[in-house]
Amino acid sequence: MNTATVPLPPSPLTLEEVAEHFAHWRQQKRPGERIPESLWRAAIALAERDGLSRVARRLRLKRGDLKRHRQRLSADQDHGEPAATFVELTPAPMTLPRFAPASLELIRPDGLRLRIEPGDGINAQAVLDRFLGLGG
């Protein structure tokens with residue numbers, strides 16, 4: 001089990017202010033309702049600053065519950081946001097305009113060069129795919 005914690009930024013709220021938020025939530029909650037994540041985060045930030053036992057006692061939380069939520073939050077932060085999903089982009093077919101007098105020169109990392117001059121009947125996409133090793 002990973003018991004290391006990731007430091008949270010200091011809570012801008014005082015222990016008394018967070019205790020008032022907990023008291024208000026307890027007055028309004030329905031039976032069986034779980035403590036909101038925002039209150040857990042505030043309590044954990046205070047525990048980092050003021051100590052686990054003191055915060056748990058003042059907020060009327062079980063010390064073990066507060067510690068477990070702190071470890072879960074730390075583990076969530078260790079894993080960070082999920083990596084960006086890979087998105088494959090399919091390039092649009094490349095065609096050279098027939099009126100273009102320019103040529104196209106490509107150089108692969110291995111030094112192989114390809115120069116495409118405008119001309120009749122050239123399939124630039126097929127040539128490019130072959131050059132890049134994408135075609136058969």
# chains A, B, ... in the order shown; residues from 1 in each chain; ligands from 1

$ residues_around --residues "A:Leu52" --least-positions-apart "5" --cutoff "9 Å" --atoms "only C-alpha atoms" --output "list in words"
Ala43, Ile44, Leu46, Ala47, Arg57, Arg63, Leu66 and Lys67 of chain A

$ write_last_selection --atoms "N, CA and C atoms" --output "short mmCIF file (atom, residue, chain, number, x, y, z; two decimals), in the first residue's frame"
data_model
loop_
_atom_site.label_atom_id
_atom_site.label_comp_id
_atom_site.auth_asym_id
_atom_site.auth_seq_id
_atom_site.Cartn_x
_atom_site.Cartn_y
_atom_site.Cartn_z
N ALA A 43 -10.92 19.03 4.45
CA ALA A 43 -10.42 18.40 5.67
C ALA A 43 -8.99 17.88 5.47
N ILE A 44 -8.74 17.29 4.31
CA ILE A 44 -7.40 16.75 4.03
C ILE A 44 -6.38 17.88 3.95
N LEU A 46 -6.51 20.72 5.47
CA LEU A 46 -6.27 21.17 6.84
C LEU A 46 -5.41 20.18 7.61
N ALA A 47 -5.63 18.89 7.37
CA ALA A 47 -4.84 17.86 8.07
C ALA A 47 -3.37 17.96 7.69
N ARG A 57 -10.60 15.28 15.11
CA ARG A 57 -11.33 15.53 16.36
C ARG A 57 -12.27 16.73 16.21
N ARG A 63 -10.42 9.31 12.66
CA ARG A 63 -9.06 9.56 12.18
C ARG A 63 -8.70 8.61 11.04
N LEU A 66 -10.32 9.72 7.76
CA LEU A 66 -9.63 10.87 7.19
C LEU A 66 -8.30 10.44 6.57
N LYS A 67 -7.59 9.56 7.25
CA LYS A 67 -6.31 9.07 6.73
C LYS A 67 -6.53 8.29 5.43
#

$ residues_around --residues "A:Ser38" --least-positions-apart "3" --cutoff "12 Å" --atoms "only C-alpha atoms" --output "PyMOL selection string"
chain A and resi 11+18+21-22+25+34-35+41-45+69+73

$ write_last_selection --atoms "C-alpha atoms" --output "short mmCIF file (atom, residue, chain, number, x, y, z; two decimals), in the first residue's frame"
data_model
loop_
_atom_site.label_atom_id
_atom_site.label_comp_id
_atom_site.auth_asym_id
_atom_site.auth_seq_id
_atom_site.Cartn_x
_atom_site.Cartn_y
_atom_site.Cartn_z
CA SER A 11 -6.44 25.39 2.64
CA VAL A 18 -14.48 24.00 7.68
CA HIS A 21 -19.33 23.70 6.71
CA PHE A 22 -19.39 20.18 8.18
CA TRP A 25 -23.88 19.69 5.92
CA ARG A 34 -21.92 10.36 2.20
CA ILE A 35 -19.70 13.31 3.02
CA ARG A 41 -10.67 17.77 0.30
CA ALA A 42 -10.95 20.71 2.69
CA ALA A 43 -10.42 18.40 5.67
CA ILE A 44 -7.40 16.75 4.03
CA ALA A 45 -5.83 20.12 3.21
CA HIS A 69 -9.35 9.52 2.17
CA LEU A 73 -6.57 11.38 -2.88
#

$ closest_residue --among "A:Ala56, A:Ile107, A:Leu15, A:Leu128" --to "A:Pro91" --atoms "only C-alpha atoms"
A:Leu128

$ closest_residue --among "A:Glu88, A:Phe131, A:Asn123, A:Gln71" --to "A:Leu106" --atoms "only C-alpha atoms"
A:Phe131

$ atom_distance --atom1 "atom CA of A:Gln28" --atom2 "atom CA of A:Pro12"
23.8 Å

$ atom_distance --atom1 "atom CA of A:Leu114" --atom2 "atom CA of A:Asp129"
11.6 Å
